[in-house]
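Asks: If it helps, the file is called work.cif and holds mmCIF, C-alpha atoms and all ligand atoms:
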data_my_file
#
loop_
_atom_site.group_PDB
_atom_site.id
_atom_site.type_symbol
_atom_site.label_atom_id
_atom_site.label_comp_id
_atom_site.auth_asym_id
_atom_site.auth_seq_id
_atom_site.Cartn_x
_atom_site.Cartn_y
_atom_site.Cartn_z
ATOM 1 C CA MET A 279 17.652 13.942 12.515
ATOM 2 C CA GLY A 280 16.339 17.339 13.491
ATOM 3 C CA PHE A 281 12.825 17.505 14.810
ATOM 4 C CA SER A 282 13.120 21.239 15.151
ATOM 5 C CA GLN A 283 12.394 22.183 11.598
ATOM 6 C CA VAL A 284 8.803 22.179 10.709
ATOM 7 C CA LEU A 285 6.697 21.612 7.612
ATOM 8 C CA ILE A 286 3.074 20.700 7.154
ATOM 9 C CA PHE A 287 2.070 18.995 3.965
ATOM 10 C CA GLY A 288 -1.284 20.085 2.731
ATOM 11 C CA SER A 289 -2.335 23.509 1.624
ATOM 12 C CA LEU A 290 -4.135 25.674 4.114
ATOM 13 C CA VAL A 291 -7.679 26.167 3.024
ATOM 14 C CA THR A 292 -9.828 28.366 5.146
ATOM 15 C CA CYS A 293 -13.333 27.125 5.348
ATOM 16 C CA SER A 294 -15.021 30.394 6.076
ATOM 17 C CA LEU A 295 -18.473 28.880 6.229
ATOM 18 C CA MET A 296 -17.641 26.838 9.281
ATOM 19 C CA GLY A 297 -15.045 29.250 10.579
ATOM 20 C CA ILE A 298 -12.386 26.565 10.883
ATOM 21 C CA THR A 299 -9.142 25.840 9.165
ATOM 22 C CA VAL A 300 -9.028 22.713 7.100
ATOM 23 C CA LEU A 301 -5.937 21.116 5.709
ATOM 24 C CA GLY A 302 -6.726 20.058 2.191
ATOM 25 C CA GLY A 303 -4.577 17.538 0.395
ATOM 26 C CA ASP A 304 -3.561 17.725 -3.235
ATOM 27 C CA PHE A 305 -3.264 14.317 -4.868
ATOM 28 C CA VAL A 306 -1.568 15.752 -7.965
ATOM 29 C CA ARG A 307 1.241 17.074 -5.799
ATOM 30 C CA ASP A 308 1.364 14.359 -3.142
ATOM 31 C CA VAL A 309 0.912 10.943 -4.759
ATOM 32 C CA ASP A 310 1.814 8.752 -7.731
ATOM 33 C CA ILE A 311 -0.553 6.265 -9.294
ATOM 34 C CA VAL A 312 1.373 3.013 -9.281
ATOM 35 C CA TRP A 313 -1.091 0.373 -10.480
ATOM 36 C CA GLY A 314 -4.192 0.045 -12.602
ATOM 37 C CA GLY A 315 -3.630 2.855 -15.111
ATOM 38 C CA ASP A 316 -6.794 4.902 -15.600
ATOM 39 C CA ARG A 317 -8.666 2.841 -13.012
ATOM 40 C CA ALA A 318 -7.147 5.416 -10.644
ATOM 41 C CA LYS A 319 -8.425 8.919 -11.280
ATOM 42 C CA ILE A 320 -7.469 12.227 -9.764
ATOM 43 C CA LEU A 321 -10.452 14.572 -9.843
ATOM 44 C CA LYS A 322 -11.406 18.134 -8.854
ATOM 45 C CA ASN A 323 -7.886 19.554 -9.259
ATOM 46 C CA GLY A 324 -6.368 17.026 -6.925
ATOM 47 C CA GLU A 325 -9.005 17.165 -4.206
ATOM 48 C CA VAL A 326 -10.421 13.705 -4.819
ATOM 49 C CA LEU A 327 -8.915 10.440 -5.964
ATOM 50 C CA THR A 328 -10.936 7.392 -6.947
ATOM 51 C CA LEU A 329 -9.654 3.845 -7.241
ATOM 52 C CA SER A 330 -11.550 1.170 -9.102
ATOM 53 C CA LEU A 331 -11.433 -2.564 -9.539
ATOM 54 C CA ASP A 332 -12.669 -4.643 -12.435
ATOM 55 C CA LYS A 333 -12.067 -8.198 -13.519
ATOM 56 C CA GLU A 334 -8.764 -7.327 -15.191
ATOM 57 C CA SER A 335 -7.144 -5.276 -12.459
ATOM 58 C CA GLY A 336 -7.361 -3.254 -9.299
ATOM 59 C CA SER A 337 -5.559 0.049 -8.767
ATOM 60 C CA ALA A 338 -3.279 1.788 -6.300
ATOM 61 C CA PHE A 339 -1.437 4.957 -5.434
ATOM 62 C CA GLN A 340 1.388 5.848 -3.080
ATOM 63 C CA SER A 341 2.814 8.986 -1.544
ATOM 64 C CA LYS A 342 5.709 10.637 -3.322
ATOM 65 C CA ASP A 343 7.363 11.316 0.018
ATOM 66 C CA GLN A 344 8.781 8.803 2.436
ATOM 67 C CA PHE A 345 8.451 9.427 6.147
ATOM 68 C CA LEU A 346 10.278 8.523 9.282
ATOM 69 C CA PHE A 347 7.490 9.032 11.799
ATOM 70 C CA GLY A 348 4.313 10.881 11.131
ATOM 71 C CA LYS A 349 0.593 11.185 11.557
ATOM 72 C CA ILE A 350 -0.857 10.285 8.196
ATOM 73 C CA SER A 351 -4.559 10.773 7.634
ATOM 74 C CA MET A 352 -6.901 10.110 4.771
ATOM 75 C CA GLN A 353 -10.618 10.386 4.280
ATOM 76 C CA VAL A 354 -12.054 7.344 2.585
ATOM 77 C CA LYS A 355 -15.494 6.439 1.278
ATOM 78 C CA LEU A 356 -15.580 2.701 0.751
ATOM 79 C CA VAL A 357 -17.108 0.647 -2.072
ATOM 80 C CA SER A 358 -20.865 0.693 -1.534
ATOM 81 C CA GLY A 359 -23.494 -1.973 -2.154
ATOM 82 C CA TYR A 360 -22.140 -5.394 -3.018
ATOM 83 C CA SER A 361 -18.457 -5.159 -2.052
ATOM 84 C CA ALA A 362 -17.838 -8.792 -1.086
ATOM 85 C CA GLY A 363 -14.405 -10.053 -2.138
ATOM 86 C CA THR A 364 -12.963 -6.547 -2.472
ATOM 87 C CA VAL A 365 -10.340 -5.081 -0.189
ATOM 88 C CA THR A 366 -9.616 -1.383 0.101
ATOM 89 C CA SER A 367 -6.348 -0.773 1.883
ATOM 90 C CA TYR A 368 -4.690 2.222 3.463
ATOM 91 C CA TYR A 369 -1.285 1.662 4.989
ATOM 92 C CA VAL A 370 2.267 2.844 5.433
ATOM 93 C CA ALA A 371 5.145 0.559 4.541
ATOM 94 C CA SER A 372 8.873 0.484 3.972
ATOM 95 C CA ALA A 373 10.660 -1.631 1.388
ATOM 96 C CA GLY A 374 12.896 -4.711 1.503
ATOM 97 C CA ALA A 375 12.777 -8.180 3.049
ATOM 98 C CA THR A 376 12.679 -6.942 6.648
ATOM 99 C CA TRP A 377 10.152 -4.238 6.003
ATOM 100 C CA ASP A 378 7.852 -2.445 8.433
ATOM 101 C CA GLU A 379 4.180 -1.893 7.737
ATOM 102 C CA ILE A 380 1.128 -0.495 9.512
ATOM 103 C CA ASP A 381 -2.113 -1.570 7.857
ATOM 104 C CA PHE A 382 -5.751 -0.693 7.572
ATOM 105 C CA GLU A 383 -7.621 -3.079 5.271
ATOM 106 C CA PHE A 384 -11.332 -2.776 4.714
ATOM 107 C CA LEU A 385 -12.909 -6.096 3.812
ATOM 108 C CA GLY A 386 -16.067 -5.753 1.765
ATOM 109 C CA ASN A 387 -19.292 -7.674 2.217
ATOM 110 C CA LEU A 388 -22.684 -8.436 0.741
ATOM 111 C CA SER A 389 -25.018 -5.441 0.410
ATOM 112 C CA GLY A 390 -26.248 -4.502 3.850
ATOM 113 C CA ASP A 391 -23.714 -6.633 5.716
ATOM 114 C CA PRO A 392 -20.964 -4.899 7.675
ATOM 115 C CA TYR A 393 -17.435 -4.210 6.540
ATOM 116 C CA THR A 394 -14.588 -5.655 8.593
ATOM 117 C CA VAL A 395 -11.682 -3.362 9.457
ATOM 118 C CA HIS A 396 -8.625 -5.569 9.405
ATOM 119 C CA THR A 397 -5.432 -4.148 10.980
ATOM 120 C CA ASN A 398 -1.899 -5.436 11.208
ATOM 121 C CA VAL A 399 1.524 -4.273 12.342
ATOM 122 C CA ILE A 400 4.545 -5.790 10.619
ATOM 123 C CA THR A 401 7.973 -5.114 12.098
ATOM 124 C CA SER A 402 11.215 -6.294 10.518
ATOM 125 C CA GLY A 403 9.210 -8.442 8.090
ATOM 126 C CA LYS A 404 7.202 -10.206 10.799
ATOM 127 C CA GLY A 405 3.455 -9.697 11.072
ATOM 128 C CA ASP A 406 0.788 -12.092 12.358
ATOM 129 C CA ARG A 407 -0.558 -9.290 14.541
ATOM 130 C CA GLU A 408 -4.071 -9.006 13.160
ATOM 131 C CA GLN A 409 -6.890 -7.286 14.958
ATOM 132 C CA GLN A 410 -10.300 -6.824 13.380
ATOM 133 C CA PHE A 411 -13.100 -4.427 14.132
ATOM 134 C CA ARG A 412 -16.582 -3.444 13.105
ATOM 135 C CA LEU A 413 -17.310 0.227 12.584
ATOM 136 C CA TRP A 414 -19.985 2.186 14.422
ATOM 137 C CA PHE A 415 -21.198 3.733 11.143
ATOM 138 C CA ASP A 416 -21.735 2.732 7.527
ATOM 139 C CA PRO A 417 -18.395 3.586 5.861
ATOM 140 C CA THR A 418 -19.884 3.636 2.357
ATOM 141 C CA ILE A 419 -22.274 6.573 2.771
ATOM 142 C CA ASP A 420 -19.768 9.266 3.621
ATOM 143 C CA PHE A 421 -16.087 10.015 3.937
ATOM 144 C CA HIS A 422 -14.511 9.105 7.270
ATOM 145 C CA THR A 423 -11.024 9.849 8.508
ATOM 146 C CA TYR A 424 -8.563 7.028 9.051
ATOM 147 C CA SER A 425 -5.244 7.989 10.638
ATOM 148 C CA ILE A 426 -2.030 6.208 11.374
ATOM 149 C CA LEU A 427 0.040 7.811 14.118
ATOM 150 C CA TRP A 428 3.609 6.563 14.154
ATOM 151 C CA ASN A 429 6.048 8.254 16.496
ATOM 152 C CA PRO A 430 9.063 7.019 18.473
ATOM 153 C CA LYS A 431 6.874 5.917 21.380
ATOM 154 C CA THR A 432 3.788 4.422 19.855
ATOM 155 C CA ILE A 433 1.654 3.479 16.880
ATOM 156 C CA ILE A 434 -2.032 4.346 17.112
ATOM 157 C CA PHE A 435 -4.792 3.582 14.599
ATOM 158 C CA TYR A 436 -7.571 6.177 14.636
ATOM 159 C CA VAL A 437 -11.019 6.195 13.060
ATOM 160 C CA ASP A 438 -12.542 9.686 13.049
ATOM 161 C CA GLY A 439 -10.186 10.580 15.878
ATOM 162 C CA THR A 440 -11.154 7.593 18.015
ATOM 163 C CA PRO A 441 -8.248 5.245 18.742
ATOM 164 C CA ILE A 442 -9.053 1.640 17.861
ATOM 165 C CA ARG A 443 -5.642 0.067 18.348
ATOM 166 C CA GLU A 444 -2.287 0.856 19.885
ATOM 167 C CA PHE A 445 1.084 -0.816 19.363
ATOM 168 C CA LYS A 446 3.670 0.605 21.723
ATOM 169 C CA ASN A 447 7.403 0.754 21.396
ATOM 170 C CA MET A 448 8.487 -1.954 23.816
ATOM 171 C CA MET A 449 12.154 -1.991 22.876
ATOM 172 C CA ASN A 450 13.137 -0.735 26.292
ATOM 173 C CA ALA A 451 10.655 -2.781 28.264
ATOM 174 C CA SER A 452 11.232 -6.318 29.429
ATOM 175 C CA VAL A 453 9.643 -7.644 26.243
ATOM 176 C CA ASN A 454 11.900 -7.244 23.247
ATOM 177 C CA VAL A 455 9.623 -6.633 20.282
ATOM 178 C CA PRO A 456 11.083 -4.914 17.216
ATOM 179 C CA TYR A 457 9.639 -1.446 16.623
ATOM 180 C CA PRO A 458 9.672 0.442 13.314
ATOM 181 C CA GLU A 459 12.079 3.305 13.891
ATOM 182 C CA LYS A 460 14.801 3.084 11.274
ATOM 183 C CA GLN A 461 13.216 2.512 7.872
ATOM 184 C CA PRO A 462 11.292 5.274 6.121
ATOM 185 C CA MET A 463 7.765 4.428 4.995
ATOM 186 C CA ARG A 464 5.479 5.593 2.236
ATOM 187 C CA ALA A 465 1.697 5.904 2.469
ATOM 188 C CA HIS A 466 -0.219 3.578 0.144
ATOM 189 C CA SER A 467 -3.799 2.891 -0.879
ATOM 190 C CA SER A 468 -5.156 0.176 -3.092
ATOM 191 C CA LEU A 469 -8.352 -1.518 -4.170
ATOM 192 C CA TRP A 470 -7.999 -5.149 -5.152
ATOM 193 C CA ASN A 471 -9.709 -8.500 -5.412
ATOM 194 C CA ALA A 472 -9.088 -10.815 -2.472
ATOM 195 C CA ASP A 473 -12.095 -13.070 -2.763
ATOM 196 C CA GLN A 474 -10.070 -16.147 -1.892
ATOM 197 C CA TRP A 475 -10.038 -14.989 1.776
ATOM 198 C CA ALA A 476 -11.587 -11.588 2.428
ATOM 199 C CA THR A 477 -15.284 -12.189 2.907
ATOM 200 C CA ARG A 478 -16.459 -14.868 5.322
ATOM 201 C CA GLY A 479 -13.105 -16.532 4.936
ATOM 202 C CA GLY A 480 -13.423 -16.687 1.128
ATOM 203 C CA LEU A 481 -16.918 -18.201 0.967
ATOM 204 C CA VAL A 482 -18.433 -15.146 -0.661
ATOM 205 C CA LYS A 483 -16.901 -14.210 -4.017
ATOM 206 C CA THR A 484 -16.590 -10.971 -5.922
ATOM 207 C CA ASP A 485 -19.599 -10.477 -8.197
ATOM 208 C CA TRP A 486 -18.025 -9.199 -11.410
ATOM 209 C CA SER A 487 -21.417 -8.278 -12.837
ATOM 210 C CA LYS A 488 -21.343 -5.416 -10.283
ATOM 211 C CA ALA A 489 -17.916 -4.163 -11.441
ATOM 212 C CA PRO A 490 -16.313 -1.689 -11.575
ATOM 213 C CA PHE A 491 -16.077 -1.252 -7.804
ATOM 214 C CA THR A 492 -15.015 2.204 -6.696
ATOM 215 C CA ALA A 493 -13.634 3.757 -3.506
ATOM 216 C CA SER A 494 -12.978 7.484 -3.041
ATOM 217 C CA PHE A 495 -10.246 9.308 -1.178
ATOM 218 C CA ARG A 496 -9.713 12.905 -0.135
ATOM 219 C CA ASN A 497 -7.873 15.145 2.345
ATOM 220 C CA TYR A 498 -4.686 13.148 2.412
ATOM 221 C CA GLU A 499 -2.594 14.778 5.083
ATOM 222 C CA ALA A 500 0.881 13.892 6.279
ATOM 223 C CA ARG A 501 2.094 15.651 9.379
ATOM 224 C CA ALA A 502 5.364 13.887 9.246
ATOM 225 C CA CYS A 503 9.121 13.865 9.128
ATOM 226 C CA VAL A 504 9.909 13.686 5.454
ATOM 227 C CA TRP A 505 12.825 11.466 4.637
ATOM 228 C CA SER A 506 15.448 12.513 2.148
ATOM 229 C CA ILE A 507 17.965 10.406 0.284
ATOM 230 C CA ASN A 508 20.915 11.663 2.338
ATOM 231 C CA GLY A 509 19.324 10.183 5.428
ATOM 232 C CA SER A 510 18.104 13.360 7.048
ATOM 233 C CA SER A 511 14.500 14.187 7.667
ATOM 234 C CA THR A 512 12.550 17.336 8.262
ATOM 235 C CA CYS A 513 9.524 17.349 10.471
ATOM 236 C CA GLY A 514 6.251 19.220 10.277
ATOM 237 C CA ARG A 515 5.887 22.966 10.377
ATOM 238 C CA GLY A 516 3.576 24.369 12.987
ATOM 239 C CA SER A 517 2.431 21.953 15.595
ATOM 240 C CA SER A 518 4.480 18.793 15.739
ATOM 241 C CA SER A 519 2.587 17.577 18.793
ATOM 242 C CA TRP A 520 1.985 14.287 16.982
ATOM 243 C CA LEU A 521 5.646 13.435 17.622
ATOM 244 C CA ARG A 522 4.900 13.137 21.321
ATOM 245 C CA GLU A 523 1.264 12.110 21.025
ATOM 246 C CA GLU A 524 0.135 9.294 23.321
ATOM 247 C CA LEU A 525 -3.209 8.147 24.583
ATOM 248 C CA ASP A 526 -4.548 10.369 27.350
ATOM 249 C CA ALA A 527 -7.183 9.256 29.844
ATOM 250 C CA TYR A 528 -10.056 10.182 27.549
ATOM 251 C CA SER A 529 -8.533 8.418 24.517
ATOM 252 C CA LEU A 530 -7.904 5.331 26.625
ATOM 253 C CA LYS A 531 -11.552 5.328 27.575
ATOM 254 C CA ARG A 532 -12.481 5.515 23.895
ATOM 255 C CA LEU A 533 -10.053 2.722 23.037
ATOM 256 C CA ARG A 534 -11.641 0.510 25.700
ATOM 257 C CA TRP A 535 -15.087 1.336 24.298
ATOM 258 C CA VAL A 536 -13.976 0.202 20.851
ATOM 259 C CA ARG A 537 -12.313 -2.953 22.160
ATOM 260 C CA THR A 538 -15.366 -3.895 24.184
ATOM 261 C CA ASN A 539 -17.983 -3.178 21.567
ATOM 262 C CA PHE A 540 -16.372 -3.429 18.141
ATOM 263 C CA MET A 541 -13.359 -5.710 18.248
ATOM 264 C CA ILE A 542 -14.163 -9.007 16.565
ATOM 265 C CA TYR A 543 -10.722 -10.605 16.365
ATOM 266 C CA ASP A 544 -7.511 -10.282 18.359
ATOM 267 C CA TYR A 545 -4.385 -12.330 17.631
ATOM 268 C CA CYS A 546 -3.577 -11.991 21.310
ATOM 269 C CA SER A 547 -6.489 -14.209 22.259
ATOM 270 C CA ASP A 548 -6.489 -16.730 19.408
ATOM 271 C CA ALA A 549 -5.103 -19.765 21.250
ATOM 272 C CA LYS A 550 -6.047 -22.092 18.426
ATOM 273 C CA ARG A 551 -3.805 -20.237 16.026
ATOM 274 C CA PHE A 552 -0.971 -19.820 18.513
ATOM 275 C CA PRO A 553 -0.979 -23.067 20.514
ATOM 276 C CA ARG A 554 2.589 -22.546 21.645
ATOM 277 C CA GLY A 555 1.844 -19.206 23.242
ATOM 278 C CA PHE A 556 1.085 -15.652 22.251
ATOM 279 C CA ALA A 557 3.472 -13.055 20.851
ATOM 280 C CA PRO A 558 5.533 -11.363 23.599
ATOM 281 C CA GLU A 559 3.744 -8.016 23.209
ATOM 282 C CA CYS A 560 0.461 -9.709 24.127
ATOM 283 C CA SER A 561 1.593 -9.861 27.758
ATOM 284 C CA VAL A 562 1.526 -6.056 27.903
ATOM 285 C CA ARG A 563 -2.013 -4.812 28.408
ATOM 286 C CA VAL A 564 -2.639 -2.294 25.656
ATOM 287 C CA ASP A 565 -5.616 -0.628 27.225
ATOM 288 C CA ALA A 566 -3.998 -0.086 30.605
ATOM 289 C CA HIS A 567 -1.195 2.415 31.063
HETATM 290 C C1 LIG B 1 -19.876 -9.961 6.480
HETATM 291 O O1 LIG B 1 -21.111 -10.154 7.156
HETATM 292 C C2 LIG B 1 -21.177 -11.332 7.930
HETATM 293 C C3 LIG B 1 -22.595 -11.423 8.499
HETATM 294 O O2 LIG B 1 -22.887 -10.299 9.288
HETATM 295 C C4 LIG B 1 -20.102 -11.333 9.003
HETATM 296 O O3 LIG B 1 -20.092 -12.553 9.693
HETATM 297 C C5 LIG B 1 -18.730 -11.075 8.383
HETATM 298 O O4 LIG B 1 -17.758 -10.939 9.392
HETATM 299 C C6 LIG B 1 -18.774 -9.814 7.541
HETATM 300 N N1 LIG B 1 -17.509 -9.388 7.000
HETATM 301 C C7 LIG B 1 -16.698 -10.123 6.244
HETATM 302 C C8 LIG B 1 -15.515 -9.424 5.715
HETATM 303 O O5 LIG B 1 -16.875 -11.294 5.968
#
Just give me the structure of the file as structure tokens.
Ligand SMILES: *[C@@H]1O[C@H](CO)[C@@H](O)[C@H](O)[C@H]1NC(C)=O
Replies:
Amino acid sequence: MGFSQVLIFGSLVTCSLMGITVLGGDFVRDVDIVWGGDRAKILKNGEVLTLSLDKESGSAFQSKDQFLFGKISMQVKLVSGYSAGTVTSYYVASAGATWDEIDFEFLGNLSGDPYTVHTNVITSGKGDREQQFRLWFDPTIDFHTYSILWNPKTIIFYVDGTPIREFKNMMNASVNVPYPEKQPMRAHSSLWNADQWATRGGLVKTDWSKAPFTASFRNYEARACVWSINGSSTCGRGSSSWLREELDAYSLKRLRWVRTNFMIYDYCSDAKRFPRGFAPECSVRVDAH
């Protein structure tokens, strides 16, 4: 595939007030609503998309394009107030039985109690790589940016530009862990009921008297190599620095700050769940390069 050709998806909107250039997404152009009918709504000429959940159904959308590597970002404002039992997800995934997937899932809670950010990396159909975090802000008051960087070297989860998790390509290291590098992925978002497990392990249920629950999305942006049916892909116009992006010293410091202060679960230290030993990638320290 040629990484030389460049395309950026997202119209250039100059925000003169702040004197900066903002890449604005267009949901009409970029996504398809795939579940929930009119529970998913595209508003403001494609600038905003809302998903809602009621007792009958949740809702979801996915990107029209498929990507083989990219930095995919979305601004999300999560369900506010009583959100227990609900899960808002934002992920990239391929299809088939040995699929690859990189997941953000936001687990709701009782009013005033914190959301849990649940992450996972599934390679060749195998997951069990959960890490969970608290956020350092209330994600229901405003939009915040959640990004998935996926390039040939590494996968990095970002929240407002701060890395919270890294999953490196270890195919060439001594540990042989499959890495997603062959199957194209689509970006997805959904809002659904998961009250059998999401909140306090399923103890707290969705309160349907508070339905419909609504989450909002904007500024979807895919700096990515867009996959086409004939197997070729074209990569972003302009800066394609994301293709080589890795954690620098400052980002590593931020990652350590998140791990120390906000990580609440790590599959790499759950000996009860993995009595016969941890996954091979756990022996590679993620926060030390
Ligand atoms: C909900 O809040 C409780 C109490 O702070 C916390 O233990 C739990 O992890 C929170 N999140 C979820 C998804 O249960």
Asks: Carefully work through the PyMOL selection byres (((not hetatm)) within 12 of (chain B and resi 1)) for this structure and note down the residues it includes, as number ranges by chain.
Replies: A: 360-366, 383-396, 410-413, 472-484, 540-543
Asks: Could you list, as a PyMOL selection string, every residue matched by the PyMOL selection byres (((chain A and resi 459) around 12) and not hetatm) in this structure?
Replies: chain A and resi 345-348+371-372+377-379+401-402+428-433+446-449+456-458+460-463+503
Asks: Mind giving me the axis-aligned box for range 478-481 of chain A with 3 Å on every side, centre plus edges in Å to one decimal, as JSON?
Replies:
{"center_x": -15.0, "center_y": -16.5, "center_z": 3.1, "size_x": 9.8, "size_y": 9.3, "size_z": 10.4}
Asks: Name the residues in contact with Asp438 in chain A at a cut-off of 8 Å, using all atoms listed in the file, excluding same-chain residues fewer than 6 positions from it; report them as a PyMOL selection string.
Replies: chain A and resi 422-425
Asks: Could you turn the residues from that selection into a file that holds C-alpha atoms, as an mmCIF file, in the coordinates of the input?
Replies:
data_model
loop_
_atom_site.group_PDB
_atom_site.id
_atom_site.type_symbol
_atom_site.label_atom_id
_atom_site.label_comp_id
_atom_site.auth_asym_id
_atom_site.auth_seq_id
_atom_site.Cartn_x
_atom_site.Cartn_y
_atom_site.Cartn_z
ATOM 1 C CA HIS A 422 -14.511 9.105 7.270
ATOM 2 C CA THR A 423 -11.024 9.849 8.508
ATOM 3 C CA TYR A 424 -8.563 7.028 9.051
ATOM 4 C CA SER A 425 -5.244 7.989 10.638
#
Asks: Evaluate the PyMOL selection byres (((chain A and resi 326-339) around 7) and not hetatm) here and jot the selected residues down as a ChimeraX atom specification.
Replies: /A:305,309-314,317-322,324-325,340,466-471,486,489-496
Asks: Restrict the selected residues to C-alpha atoms and save them as a CSV table (one decimal), in the frame of the given file.
Replies:
chain,number,residue,atom,x,y,z
A,305,PHE,CA,-3.3,14.3,-4.9
A,309,VAL,CA,0.9,10.9,-4.8
A,310,ASP,CA,1.8,8.8,-7.7
A,311,ILE,CA,-0.6,6.3,-9.3
A,312,VAL,CA,1.4,3.0,-9.3
A,313,TRP,CA,-1.1,0.4,-10.5
A,314,GLY,CA,-4.2,0.0,-12.6
A,317,ARG,CA,-8.7,2.8,-13.0
A,318,ALA,CA,-7.1,5.4,-10.6
A,319,LYS,CA,-8.4,8.9,-11.3
A,320,ILE,CA,-7.5,12.2,-9.8
A,321,LEU,CA,-10.5,14.6,-9.8
A,322,LYS,CA,-11.4,18.1,-8.9
A,324,GLY,CA,-6.4,17.0,-6.9
A,325,GLU,CA,-9.0,17.2,-4.2
A,340,GLN,CA,1.4,5.8,-3.1
A,466,HIS,CA,-0.2,3.6,0.1
A,467,SER,CA,-3.8,2.9,-0.9
A,468,SER,CA,-5.2,0.2,-3.1
A,469,LEU,CA,-8.4,-1.5,-4.2
A,470,TRP,CA,-8.0,-5.1,-5.2
A,471,ASN,CA,-9.7,-8.5,-5.4
A,486,TRP,CA,-18.0,-9.2,-11.4
A,489,ALA,CA,-17.9,-4.2,-11.4
A,490,PRO,CA,-16.3,-1.7,-11.6
A,491,PHE,CA,-16.1,-1.3,-7.8
A,492,THR,CA,-15.0,2.2,-6.7
A,493,ALA,CA,-13.6,3.8,-3.5
A,494,SER,CA,-13.0,7.5,-3.0
A,495,PHE,CA,-10.2,9.3,-1.2
A,496,ARG,CA,-9.7,12.9,-0.1
